[in-house]
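**Student:** File target21.txt below, compact mmCIF, C-alpha atoms and all ligand atoms:
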# COMPACT_ATOMS: atom_id res chain seq x y z
CA MET A 1 -45.53 10.29 33.08
CA GLN A 2 -44.17 8.96 36.41
CA ILE A 3 -44.75 10.59 39.78
CA ILE A 4 -41.96 9.63 42.18
CA LEU A 5 -42.98 10.00 45.81
CA ALA A 6 -39.95 10.70 47.97
CA ASN A 7 -39.74 8.75 51.18
CA PRO A 8 -39.38 10.25 53.71
CA ARG A 9 -41.53 13.30 53.06
CA GLY A 10 -44.04 15.33 55.04
CA PHE A 11 -44.69 15.31 58.76
CA CYS A 12 -41.79 14.88 61.15
CA ALA A 13 -42.12 13.75 64.77
CA GLY A 14 -42.02 17.34 66.09
CA VAL A 15 -44.83 18.51 63.82
CA ARG A 16 -46.97 15.48 64.66
CA MET A 17 -46.47 16.14 68.34
CA ALA A 18 -47.33 19.86 68.05
CA ILE A 19 -50.50 19.15 66.04
CA ASP A 20 -51.43 16.41 68.48
CA VAL A 21 -51.10 18.84 71.39
CA VAL A 22 -53.69 21.20 69.89
CA ASP A 23 -55.97 18.33 68.83
CA GLN A 24 -55.96 16.86 72.30
CA ILE A 25 -56.71 20.14 74.05
CA LEU A 26 -59.61 20.68 71.64
CA ASP A 27 -60.74 17.16 72.46
CA ILE A 28 -60.63 17.42 76.26
CA LEU A 29 -61.73 21.04 76.59
CA PRO A 30 -64.02 21.68 73.60
CA ASP A 31 -65.75 24.62 75.23
CA GLN A 32 -62.68 26.54 76.38
CA PRO A 33 -61.09 29.17 74.16
CA LEU A 34 -57.70 27.98 72.93
CA TYR A 35 -54.91 30.34 71.95
CA VAL A 36 -51.72 29.42 70.12
CA TYR A 37 -48.71 31.73 70.13
CA HIS A 38 -47.57 31.94 66.47
CA GLU A 39 -48.53 29.36 63.87
CA ILE A 40 -48.41 25.95 65.55
CA VAL A 41 -46.42 24.72 62.54
CA HIS A 42 -45.61 26.63 59.37
CA ASN A 43 -48.38 25.33 57.15
CA ARG A 44 -51.35 27.35 55.94
CA HIS A 45 -53.69 24.37 55.70
CA ILE A 46 -52.97 23.16 59.24
CA VAL A 47 -53.48 26.66 60.63
CA ASP A 48 -56.71 27.18 58.64
CA ARG A 49 -58.09 23.84 59.83
CA PHE A 50 -57.48 24.80 63.44
CA VAL A 51 -58.95 28.28 62.91
CA ASP A 52 -62.10 26.56 61.61
CA GLN A 53 -62.20 24.64 64.89
CA GLY A 54 -62.08 27.88 66.87
CA VAL A 55 -58.37 28.10 67.69
CA VAL A 56 -57.07 31.68 67.92
CA PHE A 57 -53.51 32.30 66.71
CA VAL A 58 -51.76 35.33 68.21
CA ASP A 59 -48.40 37.00 67.68
CA ASP A 60 -48.57 38.88 70.97
CA LEU A 61 -49.39 37.30 74.34
CA ASP A 62 -51.28 40.47 75.32
CA GLU A 63 -54.02 39.23 72.97
CA VAL A 64 -54.61 36.21 75.24
CA PRO A 65 -57.08 36.94 78.05
CA THR A 66 -55.63 36.39 81.54
CA GLY A 67 -55.99 32.85 82.85
CA ASN A 68 -56.50 31.24 79.41
CA ILE A 69 -54.60 28.33 77.90
CA VAL A 70 -51.88 29.26 75.44
CA VAL A 71 -49.90 26.76 73.39
CA PHE A 72 -46.35 27.59 72.33
CA SER A 73 -45.62 26.46 68.77
CA ALA A 74 -43.17 23.78 67.61
CA HIS A 75 -40.51 26.42 66.87
CA GLY A 76 -39.90 27.33 70.50
CA ILE A 77 -39.95 30.59 72.42
CA SER A 78 -37.52 32.76 74.32
CA PRO A 79 -37.47 32.81 78.15
CA ALA A 80 -38.89 36.36 77.99
CA ILE A 81 -42.10 35.01 76.40
CA ARG A 82 -42.31 32.23 78.99
CA GLN A 83 -41.96 34.84 81.73
CA GLN A 84 -44.57 37.09 80.12
CA ALA A 85 -47.03 34.18 80.07
CA LYS A 86 -46.33 33.54 83.75
CA GLU A 87 -46.89 37.19 84.67
CA ARG A 88 -50.16 37.18 82.71
CA ASN A 89 -51.22 34.06 84.62
CA LEU A 90 -51.69 32.09 81.39
CA LYS A 91 -51.78 28.29 81.40
CA SER A 92 -48.84 27.54 79.13
CA ILE A 93 -48.63 24.31 77.15
CA ASP A 94 -45.29 23.95 75.44
CA ALA A 95 -45.38 22.20 72.04
CA THR A 96 -41.77 23.08 71.24
CA CYS A 97 -40.09 20.27 69.33
CA PRO A 98 -37.65 18.47 71.66
CA LEU A 99 -34.94 18.87 69.01
CA VAL A 100 -35.35 22.65 69.18
CA THR A 101 -35.29 22.45 72.99
CA LYS A 102 -31.98 20.59 72.69
CA VAL A 103 -30.45 23.58 70.87
CA HIS A 104 -31.84 25.93 73.56
CA SER A 105 -30.22 23.79 76.26
CA ARG A 106 -26.90 23.98 74.46
CA ALA A 107 -27.17 27.76 74.16
CA ILE A 108 -27.81 28.03 77.92
CA ARG A 109 -24.95 25.68 78.78
CA TYR A 110 -22.39 27.41 76.56
CA ALA A 111 -23.48 30.85 77.71
CA ASN A 112 -23.06 29.76 81.34
CA GLN A 113 -19.55 28.58 80.48
CA GLY A 114 -18.73 32.05 79.15
CA PHE A 115 -18.80 31.26 75.43
CA GLN A 116 -19.97 33.66 72.76
CA ILE A 117 -22.48 31.84 70.57
CA LEU A 118 -22.56 32.20 66.79
CA LEU A 119 -26.06 31.07 65.87
CA ILE A 120 -26.30 29.99 62.21
CA GLY A 121 -29.77 30.57 60.80
CA HIS A 122 -32.35 33.04 59.56
CA LYS A 123 -32.60 35.87 62.06
CA ASP A 124 -36.34 36.48 61.62
CA HIS A 125 -37.31 32.81 61.91
CA GLN A 126 -39.20 32.09 65.14
CA GLU A 127 -36.83 29.29 66.08
CA ILE A 128 -33.83 31.60 65.89
CA VAL A 129 -35.65 34.36 67.79
CA GLY A 130 -36.39 31.83 70.55
CA THR A 131 -32.86 30.38 70.76
CA PHE A 132 -31.29 33.84 70.59
CA GLY A 133 -33.42 34.85 73.56
CA GLU A 134 -31.73 32.27 75.80
CA ALA A 135 -28.53 34.33 75.87
CA PRO A 136 -29.08 37.56 73.94
CA ASN A 137 -25.95 39.28 75.26
CA GLN A 138 -23.70 36.42 74.19
CA THR A 139 -25.31 35.45 70.88
CA GLN A 140 -24.92 36.75 67.33
CA VAL A 141 -26.83 35.40 64.35
CA VAL A 142 -24.88 34.40 61.25
CA GLU A 143 -27.01 34.15 58.12
CA SER A 144 -24.20 33.82 55.58
CA PRO A 145 -20.39 33.93 55.35
CA ALA A 146 -20.76 37.65 54.50
CA ASP A 147 -21.81 38.27 58.12
CA ILE A 148 -18.54 36.96 59.57
CA PRO A 149 -16.44 40.16 59.20
CA LYS A 150 -19.20 42.11 61.00
CA LEU A 151 -19.11 39.94 64.14
CA THR A 152 -17.91 41.37 67.44
CA ILE A 153 -15.62 38.76 68.97
CA ASN A 154 -14.25 39.16 72.50
CA ASP A 155 -12.08 36.04 72.63
CA PRO A 156 -11.64 33.80 69.53
CA ASN A 157 -10.81 30.90 71.86
CA LYS A 158 -14.17 31.11 73.60
CA LEU A 159 -16.53 30.75 70.66
CA VAL A 160 -19.07 28.10 69.77
CA TYR A 161 -21.48 27.76 66.87
CA LEU A 162 -25.02 26.37 66.92
CA THR A 163 -27.44 25.96 64.01
CA GLN A 164 -31.13 26.29 63.27
CA THR A 165 -32.67 22.81 62.95
CA THR A 166 -34.15 23.33 59.48
CA LEU A 167 -31.27 24.77 57.47
CA SER A 168 -29.95 23.42 54.22
CA VAL A 169 -27.16 21.03 55.22
CA ASP A 170 -25.06 22.36 52.31
CA ASP A 171 -25.58 26.04 53.20
CA ALA A 172 -24.82 25.38 56.86
CA ASN A 173 -21.62 23.56 55.94
CA LEU A 174 -20.49 26.55 53.86
CA ILE A 175 -20.99 28.87 56.82
CA ILE A 176 -19.36 26.44 59.26
CA THR A 177 -16.33 26.11 56.99
CA ALA A 178 -16.05 29.90 56.76
CA LEU A 179 -16.37 30.23 60.55
CA LYS A 180 -13.62 27.65 61.09
CA GLU A 181 -11.36 29.51 58.69
CA ALA A 182 -11.97 32.80 60.50
CA PHE A 183 -11.84 31.29 64.01
CA PRO A 184 -9.80 28.05 63.98
CA ASN A 185 -10.49 27.37 67.67
CA ILE A 186 -14.26 27.72 67.42
CA LYS A 187 -15.99 24.92 69.35
CA GLU A 188 -18.36 22.55 67.57
CA PRO A 189 -21.51 21.25 69.23
CA PRO A 190 -21.16 17.56 70.19
CA THR A 191 -23.73 16.52 67.56
CA GLU A 192 -25.39 18.12 64.56
CA ASP A 193 -28.19 20.61 65.34
CA ILE A 194 -29.86 20.25 61.92
CA CYS A 195 -32.52 17.68 62.74
CA TYR A 196 -32.95 14.18 61.37
CA ALA A 197 -36.15 15.12 59.47
CA THR A 198 -34.52 18.05 57.67
CA THR A 199 -31.44 15.99 56.85
CA ASN A 200 -33.39 12.96 55.58
CA ARG A 201 -35.83 14.95 53.42
CA GLN A 202 -32.97 16.91 51.88
CA ALA A 203 -30.95 13.73 51.23
CA ALA A 204 -33.94 12.16 49.48
CA VAL A 205 -34.41 15.19 47.22
CA ARG A 206 -30.69 15.38 46.51
CA LEU A 207 -30.65 11.75 45.41
CA ILE A 208 -33.93 11.38 43.56
CA SER A 209 -34.04 14.75 41.79
CA GLN A 210 -31.00 13.73 39.74
CA GLU A 211 -33.28 11.25 37.99
CA CYS A 212 -36.22 13.63 37.49
CA ASP A 213 -37.28 16.43 35.13
CA LEU A 214 -39.19 18.44 37.70
CA VAL A 215 -39.51 18.63 41.49
CA ILE A 216 -42.68 19.65 43.28
CA VAL A 217 -42.46 20.39 47.00
CA VAL A 218 -45.67 20.65 49.01
CA GLY A 219 -45.37 23.22 51.78
CA SER A 220 -45.98 26.82 52.71
CA LYS A 221 -43.72 29.72 51.78
CA ASN A 222 -42.89 30.42 55.44
CA SER A 223 -41.78 26.83 56.03
CA SER A 224 -38.00 27.00 56.18
CA ASN A 225 -37.42 23.30 55.53
CA SER A 226 -39.84 23.30 52.56
CA VAL A 227 -38.09 26.28 50.95
CA ARG A 228 -34.73 24.53 51.44
CA LEU A 229 -36.02 21.38 49.66
CA THR A 230 -37.04 23.49 46.68
CA GLU A 231 -33.65 25.23 46.58
CA ILE A 232 -31.76 21.95 46.75
CA ALA A 233 -33.69 20.54 43.79
CA THR A 234 -33.11 23.65 41.72
CA ASN A 235 -29.39 23.67 42.59
CA ILE A 236 -29.07 20.10 41.36
CA GLY A 237 -30.74 20.73 38.03
CA PRO A 238 -34.46 20.10 37.61
CA PRO A 239 -36.65 23.11 38.30
CA GLY A 240 -38.23 22.94 41.75
CA TYR A 241 -41.53 24.55 42.71
CA LEU A 242 -43.04 25.02 46.16
CA ILE A 243 -46.82 24.85 46.27
CA ASP A 244 -49.33 24.89 49.11
CA ASP A 245 -51.66 22.40 47.44
CA VAL A 246 -52.93 21.06 44.12
CA SER A 247 -54.29 24.50 43.16
CA GLY A 248 -50.69 25.76 42.90
CA LEU A 249 -49.83 23.46 39.99
CA ASP A 250 -49.01 25.23 36.75
CA GLN A 251 -49.41 23.18 33.59
CA SER A 252 -46.62 25.07 31.84
CA TRP A 253 -44.09 23.37 34.19
CA TYR A 254 -44.72 19.96 32.65
CA ALA A 255 -46.14 20.72 29.24
CA LYS A 256 -43.49 19.09 27.03
CA GLY A 257 -41.33 16.03 27.50
CA THR A 258 -41.69 15.76 31.26
CA GLU A 259 -41.42 12.09 32.11
CA ARG A 260 -40.54 12.00 35.79
CA ILE A 261 -41.74 14.33 38.52
CA LEU A 262 -40.39 14.07 42.05
CA LEU A 263 -43.10 14.86 44.58
CA THR A 264 -42.11 15.56 48.16
CA ALA A 265 -43.40 17.58 51.12
CA GLY A 266 -41.88 19.71 53.84
CA ALA A 267 -41.98 18.53 57.44
CA SER A 268 -45.13 20.52 58.21
CA ALA A 269 -47.18 19.58 55.12
CA PRO A 270 -50.03 17.11 55.61
CA GLU A 271 -50.12 14.02 53.41
CA ASP A 272 -53.66 14.60 52.10
CA LEU A 273 -52.29 17.55 50.10
CA VAL A 274 -49.75 15.20 48.51
CA SER A 275 -52.44 12.62 47.72
CA ASP A 276 -54.58 15.32 46.01
CA ILE A 277 -51.66 16.08 43.70
CA CYS A 278 -51.10 12.39 42.93
CA LYS A 279 -54.76 12.02 42.09
CA HIS A 280 -54.59 15.03 39.78
CA PHE A 281 -51.67 13.58 37.82
CA VAL A 282 -53.22 10.12 37.60
CA GLU A 283 -56.60 11.45 36.46
CA HIS A 284 -55.45 14.21 34.11
CA HIS A 285 -52.05 13.01 32.87
CA ASN A 286 -52.37 9.23 33.07
CA ALA A 287 -49.43 9.17 35.49
CA THR A 288 -48.16 6.12 37.33
CA LEU A 289 -47.12 6.40 40.99
CA HIS A 290 -43.81 5.16 42.35
CA ILE A 291 -42.22 5.30 45.80
CA ALA A 292 -38.50 5.89 46.21
CA ASP A 293 -37.47 4.87 49.75
CA VAL A 294 -34.30 6.62 50.81
CA TYR A 295 -34.51 6.55 54.63
CA GLU A 296 -36.83 4.89 57.07
CA GLU A 297 -37.92 7.01 60.01
CA SER A 298 -39.28 5.67 63.29
CA ILE A 299 -38.83 8.62 65.65
CA GLU A 300 -41.76 9.70 67.78
CA PHE A 301 -42.08 12.17 70.63
CA GLY A 302 -44.30 11.79 73.66
CA LEU A 303 -46.75 14.45 74.76
CA PRO A 304 -45.21 17.40 76.61
CA LEU A 305 -45.33 17.29 80.41
CA SER A 306 -47.39 20.48 80.58
CA LEU A 307 -50.13 18.83 78.46
CA LYS A 308 -50.05 15.62 80.51
CA ARG A 309 -50.60 17.71 83.65
CA LEU A 310 -53.47 19.60 82.02
CA MET A 311 -55.08 16.31 80.97
CA GLU A 312 -54.68 14.82 84.44
CA SER A 313 -56.15 17.92 86.04
CA HIS A 314 -59.26 17.40 83.90
CA GLY A 315 -59.50 13.67 84.67
CA PHE A 316 -58.05 12.36 81.37
CA ASP A 317 -55.53 9.55 81.11
CA HIS A 318 -52.70 10.53 78.80
CA LYS A 319 -50.98 7.13 78.86
CA ASP A 320 -52.71 5.72 75.78
CA ARG A 321 -52.41 8.91 73.77
CA ARG A 322 -48.99 8.57 72.28
CA VAL A 323 -48.13 10.14 68.95
CA LEU A 324 -47.69 7.56 66.21
CA VAL A 325 -45.41 8.30 63.30
CA GLU A 326 -46.70 6.06 60.58
CA ALA A 327 -45.83 5.92 56.92
CA PRO A 328 -48.80 7.05 54.84
CA VAL A 329 -50.81 4.18 53.40
CA ILE A 330 -51.34 4.74 49.69
CA THR A 331 -54.77 3.62 48.57
CA LYS A 332 -56.19 3.82 45.06
CA ASP A 333 -59.15 5.85 46.28
CA GLU A 334 -57.05 8.56 47.91
CA TYR A 335 -54.09 8.75 45.54
CA GLY A 336 -55.73 7.67 42.27
CA ALA A 337 -53.45 4.63 41.92
CA ILE A 338 -51.34 2.26 43.95
CA ALA A 339 -47.67 3.25 44.05
CA VAL A 340 -45.01 0.72 43.17
CA PRO A 341 -41.47 0.79 44.62
CA LEU A 342 -38.75 2.41 42.53
CA THR A 343 -35.07 1.92 43.22
CA ILE A 344 -32.89 4.99 42.74
CA ALA A 345 -29.23 4.05 42.64
CA ARG A 346 -26.92 6.08 44.86
CA LYS A 347 -24.17 7.67 42.78
S1 LIG B 1 -38.31 19.81 61.41
FE1 LIG B 1 -36.98 18.83 62.95
S2 LIG B 1 -36.73 20.38 64.56
FE2 LIG B 1 -38.48 21.03 63.29
S3 LIG B 1 -40.25 20.17 64.31
FE3 LIG B 1 -39.60 18.64 62.80
S4 LIG B 1 -38.23 17.25 63.94
FE4 LIG B 1 -38.45 19.12 65.15
Could the structure of this file be written out as structure tokens, please?
**Tutor:**
Amino acid sequence: MQIILANPRGFCAGVRMAIDVVDQILDILPDQPLYVYHEIVHNRHIVDRFVDQGVVFVDDLDEVPTGNIVVFSAHGISPAIRQQAKERNLKSIDATCPLVTKVHSRAIRYANQGFQILLIGHKDHQEIVGTFGEAPNQTQVVESPADIPKLTINDPNKLVYLTQTTLSVDDANLIITALKEAFPNIKEPPTEDICYATTNRQAAVRLISQECDLVIVVGSKNSSNSVRLTEIATNIGPPGYLIDDVSGLDQSWYAKGTERILLTAGASAPEDLVSDICKHFVEHHNATLHIADVYEESIEFGLPLSLKRLMESHGFDHKDRRVLVEAPVITKDEYGAIAVPLTIARK
């Protein structure tokens, strides 16, 4: 049996930055209570690890005592939440991914120019709730082409669409095509809103899964980009399963004739969960490990300004504390075997 590790997989620059924000506050202020509004990233293991370190996750700012530090998660928040934090005199640290902030800025700009915004995404996802909140009177959420006839359009020449950063590229294109058919003059954003990490991880799965019998995605069920990876694999052919960790493996998936398993991870899934699964397959199924490089990533985000100010106010120098986006180093001890490169031909 071969385990094919997709590259890229796992943490993106936004997730690394958000996790780093919480880690650094815990480091500089170990005795202060730390609150995070919503899950810092959508991964059960990351959240549980922070809970074990004393972090309190809340879904309502009223749960944060006045004057305390509150971190806003990578998915972003609406201006109403920012205002509520201000009124409650909370010390806000914003760990919103800069690529989500970019979509917020676009929503503000287009709303100021009098556009109605058609926001493509999942209406209950925190990112969409936050972006919607920038211009609630001018924004409507479109989850599928079936929503288009229900839209209230004032002027078809003053429409723009924006997208959630973690959508399936294929699903988004279907909706965009349907929007363009319904509203030929709809304005397109100057660049794609679906982020580089989502696009690259999906492209890797799309390519490699064609050569595999089974696809395993490491990630939590509420992680939009992880769910999309699983759907893409299943749409292409091999069955795809989303699991939180090695305990989610089901032997019946690979009982007979399974030769190649693609293993990947959503943008919020830590690599140690992937290495546990590799180790399991090496130890129990005599598997060999292979890496299929599809895209190289070198993006990193600096610490948010609000955290730099907090660090300075407590006498810490933030200059050396950059986030490093490094490819995981595969060691025999951690993964059970050394992985060898595998070339997957583009069709
Ligand atoms: S998936 Fe994309 S938008 Fe979301 S945190 Fe990562 S880089 Fe940012």
**Student:** For the interface of chain A with ligand LIG 1 (chain B) (cut-off 10 Å, counting all atoms listed in the file), please tabulate each contacting residue of chain A alongside its nearest pair of atoms and their separation in Å to one decimal, rows sorted by chain and increasing number, as JSON lines.
**Tutor:**
{"residue": "A:Gly10", "atom": "CA", "partner": "B:LIG1", "partner_atom": "FE3", "distance": 9.5}
{"residue": "A:Phe11", "atom": "CA", "partner": "B:LIG1", "partner_atom": "FE3", "distance": 7.3}
{"residue": "A:Cys12", "atom": "CA", "partner": "B:LIG1", "partner_atom": "FE3", "distance": 4.7}
{"residue": "A:Ala13", "atom": "CA", "partner": "B:LIG1", "partner_atom": "S4", "distance": 5.3}
{"residue": "A:Gly14", "atom": "CA", "partner": "B:LIG1", "partner_atom": "S3", "distance": 3.8}
{"residue": "A:Val15", "atom": "CA", "partner": "B:LIG1", "partner_atom": "S3", "distance": 4.9}
{"residue": "A:Arg16", "atom": "CA", "partner": "B:LIG1", "partner_atom": "S3", "distance": 8.2}
{"residue": "A:Met17", "atom": "CA", "partner": "B:LIG1", "partner_atom": "S3", "distance": 8.4}
{"residue": "A:Ala18", "atom": "CA", "partner": "B:LIG1", "partner_atom": "S3", "distance": 8.0}
{"residue": "A:Val41", "atom": "CA", "partner": "B:LIG1", "partner_atom": "S3", "distance": 7.9}
{"residue": "A:His42", "atom": "CA", "partner": "B:LIG1", "partner_atom": "S3", "distance": 9.7}
{"residue": "A:Ser73", "atom": "CA", "partner": "B:LIG1", "partner_atom": "S3", "distance": 9.4}
{"residue": "A:Ala74", "atom": "CA", "partner": "B:LIG1", "partner_atom": "S3", "distance": 5.7}
{"residue": "A:His75", "atom": "CA", "partner": "B:LIG1", "partner_atom": "S3", "distance": 6.8}
{"residue": "A:Gly76", "atom": "CA", "partner": "B:LIG1", "partner_atom": "S3", "distance": 9.5}
{"residue": "A:Ala95", "atom": "CA", "partner": "B:LIG1", "partner_atom": "S3", "distance": 9.5}
{"residue": "A:Thr96", "atom": "CA", "partner": "B:LIG1", "partner_atom": "S3", "distance": 7.7}
{"residue": "A:Cys97", "atom": "CA", "partner": "B:LIG1", "partner_atom": "FE4", "distance": 4.6}
{"residue": "A:Pro98", "atom": "CA", "partner": "B:LIG1", "partner_atom": "FE4", "distance": 6.6}
{"residue": "A:Leu99", "atom": "CA", "partner": "B:LIG1", "partner_atom": "S2", "distance": 5.0}
{"residue": "A:Val100", "atom": "CA", "partner": "B:LIG1", "partner_atom": "S2", "distance": 5.3}
{"residue": "A:Thr101", "atom": "CA", "partner": "B:LIG1", "partner_atom": "S2", "distance": 8.8}
{"residue": "A:Lys102", "atom": "CA", "partner": "B:LIG1", "partner_atom": "S2", "distance": 9.4}
{"residue": "A:Val103", "atom": "CA", "partner": "B:LIG1", "partner_atom": "S2", "distance": 9.5}
{"residue": "A:Glu127", "atom": "CA", "partner": "B:LIG1", "partner_atom": "FE2", "distance": 8.9}
{"residue": "A:Gln164", "atom": "CA", "partner": "B:LIG1", "partner_atom": "S2", "distance": 8.2}
{"residue": "A:Thr165", "atom": "CA", "partner": "B:LIG1", "partner_atom": "S2", "distance": 5.0}
{"residue": "A:Thr166", "atom": "CA", "partner": "B:LIG1", "partner_atom": "S1", "distance": 5.8}
{"residue": "A:Leu167", "atom": "CA", "partner": "B:LIG1", "partner_atom": "S1", "distance": 9.5}
{"residue": "A:Asp193", "atom": "CA", "partner": "B:LIG1", "partner_atom": "S2", "distance": 8.6}
{"residue": "A:Ile194", "atom": "CA", "partner": "B:LIG1", "partner_atom": "FE1", "distance": 7.3}
{"residue": "A:Cys195", "atom": "CA", "partner": "B:LIG1", "partner_atom": "FE1", "distance": 4.6}
{"residue": "A:Tyr196", "atom": "CA", "partner": "B:LIG1", "partner_atom": "FE1", "distance": 6.4}
{"residue": "A:Ala197", "atom": "CA", "partner": "B:LIG1", "partner_atom": "FE1", "distance": 5.2}
{"residue": "A:Thr198", "atom": "CA", "partner": "B:LIG1", "partner_atom": "S1", "distance": 5.6}
{"residue": "A:Thr199", "atom": "CA", "partner": "B:LIG1", "partner_atom": "FE1", "distance": 8.7}
{"residue": "A:Arg201", "atom": "CA", "partner": "B:LIG1", "partner_atom": "S1", "distance": 9.7}
{"residue": "A:Ser223", "atom": "CA", "partner": "B:LIG1", "partner_atom": "S1", "distance": 9.5}
{"residue": "A:Ser224", "atom": "CA", "partner": "B:LIG1", "partner_atom": "S1", "distance": 8.9}
{"residue": "A:Asn225", "atom": "CA", "partner": "B:LIG1", "partner_atom": "S1", "distance": 6.9}
{"residue": "A:Ser226", "atom": "CA", "partner": "B:LIG1", "partner_atom": "S1", "distance": 9.6}
{"residue": "A:Gly266", "atom": "CA", "partner": "B:LIG1", "partner_atom": "S1", "distance": 8.4}
{"residue": "A:Ala267", "atom": "CA", "partner": "B:LIG1", "partner_atom": "S1", "distance": 5.6}
{"residue": "A:Ser268", "atom": "CA", "partner": "B:LIG1", "partner_atom": "FE3", "distance": 7.4}
{"residue": "A:Ile299", "atom": "CA", "partner": "B:LIG1", "partner_atom": "S4", "distance": 8.8}
{"residue": "A:Glu300", "atom": "CA", "partner": "B:LIG1", "partner_atom": "S4", "distance": 9.2}
{"residue": "A:Phe301", "atom": "CA", "partner": "B:LIG1", "partner_atom": "S4", "distance": 9.2}
**Student:** Suppose we keep C-alpha atoms; can you now write the selection as a PDB file, in the frame of the given file?
**Tutor:**
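Below is the file result22.pdb, written as the result:
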ATOM      1  CA  GLY A  10     -44.040  15.330  55.040  1.00  0.00           C
ATOM      2  CA  PHE A  11     -44.690  15.310  58.760  1.00  0.00           C
ATOM      3  CA  CYS A  12     -41.790  14.880  61.150  1.00  0.00           C
ATOM      4  CA  ALA A  13     -42.120  13.750  64.770  1.00  0.00           C
ATOM      5  CA  GLY A  14     -42.020  17.340  66.090  1.00  0.00           C
ATOM      6  CA  VAL A  15     -44.830  18.510  63.820  1.00  0.00           C
ATOM      7  CA  ARG A  16     -46.970  15.480  64.660  1.00  0.00           C
ATOM      8  CA  MET A  17     -46.470  16.140  68.340  1.00  0.00           C
ATOM      9  CA  ALA A  18     -47.330  19.860  68.050  1.00  0.00           C
ATOM     10  CA  VAL A  41     -46.420  24.720  62.540  1.00  0.00           C
ATOM     11  CA  HIS A  42     -45.610  26.630  59.370  1.00  0.00           C
ATOM     12  CA  SER A  73     -45.620  26.460  68.770  1.00  0.00           C
ATOM     13  CA  ALA A  74     -43.170  23.780  67.610  1.00  0.00           C
ATOM     14  CA  HIS A  75     -40.510  26.420  66.870  1.00  0.00           C
ATOM     15  CA  GLY A  76     -39.900  27.330  70.500  1.00  0.00           C
ATOM     16  CA  ALA A  95     -45.380  22.200  72.040  1.00  0.00           C
ATOM     17  CA  THR A  96     -41.770  23.080  71.240  1.00  0.00           C
ATOM     18  CA  CYS A  97     -40.090  20.270  69.330  1.00  0.00           C
ATOM     19  CA  PRO A  98     -37.650  18.470  71.660  1.00  0.00           C
ATOM     20  CA  LEU A  99     -34.940  18.870  69.010  1.00  0.00           C
ATOM     21  CA  VAL A 100     -35.350  22.650  69.180  1.00  0.00           C
ATOM     22  CA  THR A 101     -35.290  22.450  72.990  1.00  0.00           C
ATOM     23  CA  LYS A 102     -31.980  20.590  72.690  1.00  0.00           C
ATOM     24  CA  VAL A 103     -30.450  23.580  70.870  1.00  0.00           C
ATOM     25  CA  GLU A 127     -36.830  29.290  66.080  1.00  0.00           C
ATOM     26  CA  GLN A 164     -31.130  26.290  63.270  1.00  0.00           C
ATOM     27  CA  THR A 165     -32.670  22.810  62.950  1.00  0.00           C
ATOM     28  CA  THR A 166     -34.150  23.330  59.480  1.00  0.00           C
ATOM     29  CA  LEU A 167     -31.270  24.770  57.470  1.00  0.00           C
ATOM     30  CA  ASP A 193     -28.190  20.610  65.340  1.00  0.00           C
ATOM     31  CA  ILE A 194     -29.860  20.250  61.920  1.00  0.00           C
ATOM     32  CA  CYS A 195     -32.520  17.680  62.740  1.00  0.00           C
ATOM     33  CA  TYR A 196     -32.950  14.180  61.370  1.00  0.00           C
ATOM     34  CA  ALA A 197     -36.150  15.120  59.470  1.00  0.00           C
ATOM     35  CA  THR A 198     -34.520  18.050  57.670  1.00  0.00           C
ATOM     36  CA  THR A 199     -31.440  15.990  56.850  1.00  0.00           C
ATOM     37  CA  ARG A 201     -35.830  14.950  53.420  1.00  0.00           C
ATOM     38  CA  SER A 223     -41.780  26.830  56.030  1.00  0.00           C
ATOM     39  CA  SER A 224     -38.000  27.000  56.180  1.00  0.00           C
ATOM     40  CA  ASN A 225     -37.420  23.300  55.530  1.00  0.00           C
ATOM     41  CA  SER A 226     -39.840  23.300  52.560  1.00  0.00           C
ATOM     42  CA  GLY A 266     -41.880  19.710  53.840  1.00  0.00           C
ATOM     43  CA  ALA A 267     -41.980  18.530  57.440  1.00  0.00           C
ATOM     44  CA  SER A 268     -45.130  20.520  58.210  1.00  0.00           C
ATOM     45  CA  ILE A 299     -38.830   8.620  65.650  1.00  0.00           C
ATOM     46  CA  GLU A 300     -41.760   9.700  67.780  1.00  0.00           C
ATOM     47  CA  PHE A 301     -42.080  12.170  70.630  1.00  0.00           C
TER      48      PHE A 301
END
**Student:** Just the residues within 8 Å of Leu214 in chain A, please, counting all atoms listed in the file, with nothing from its chain fewer than 6 positions along; format it as a list of chain:residue names.
**Tutor:**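 Here the answer would be A:Pro238, A:Pro239, A:Gly240, A:Trp253, A:Tyr254, A:Thr258, A:Arg260, A:Ile261, A:Leu262.
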**Student:** Which polymer residues have any atom within 9 Å of an atom of Asp155 in chain A, counting all atoms listed in the file, with same-chain residues fewer than 2 positions away left out, as a list in words?
**Tutor:** Phe115, Gln116, Ile153, Asn157, Lys158 and Leu159 of chain A
**Student:** Env of Ser209 in chain A: 9 Å cut, atoms = all atoms listed in the file, seq-sep filter 2 positions within chain, self excluded. Answer as number ranges by chain.
**Tutor:** A: 204-207, 211-215, 233-234, 236-238, 261-262
**Student:** Of the residues A:Ile128, A:Ile93, A:Ile232, A:Ala172, which is the one nearest to Ile25 in chain A, using all atoms listed in the file?
**Tutor:**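 For Ile25 in chain A, the nearest of the candidates is A:Ile93.
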**Student:** Mind checking which residues fall within 10 Å of range 36-40 of chain A, counting all atoms listed in the file, ignoring those fewer than 4 positions away in the same chain, and posting them as number ranges by chain?
**Tutor:** A: 15, 18-19, 21-22, 44, 46-48, 50, 55-61, 63-64, 69-77, 81, 92-96, 126, 268
**Student:** Between A:Thr230, A:Asn173, A:Ser275, A:Asn185, which one has atoms that come closest to Ile243 in chain A, using all atoms listed in the file?
**Tutor:**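 When distances to Ile243 in chain A are compared using all atoms listed in the file, the smallest one comes from A:Thr230.
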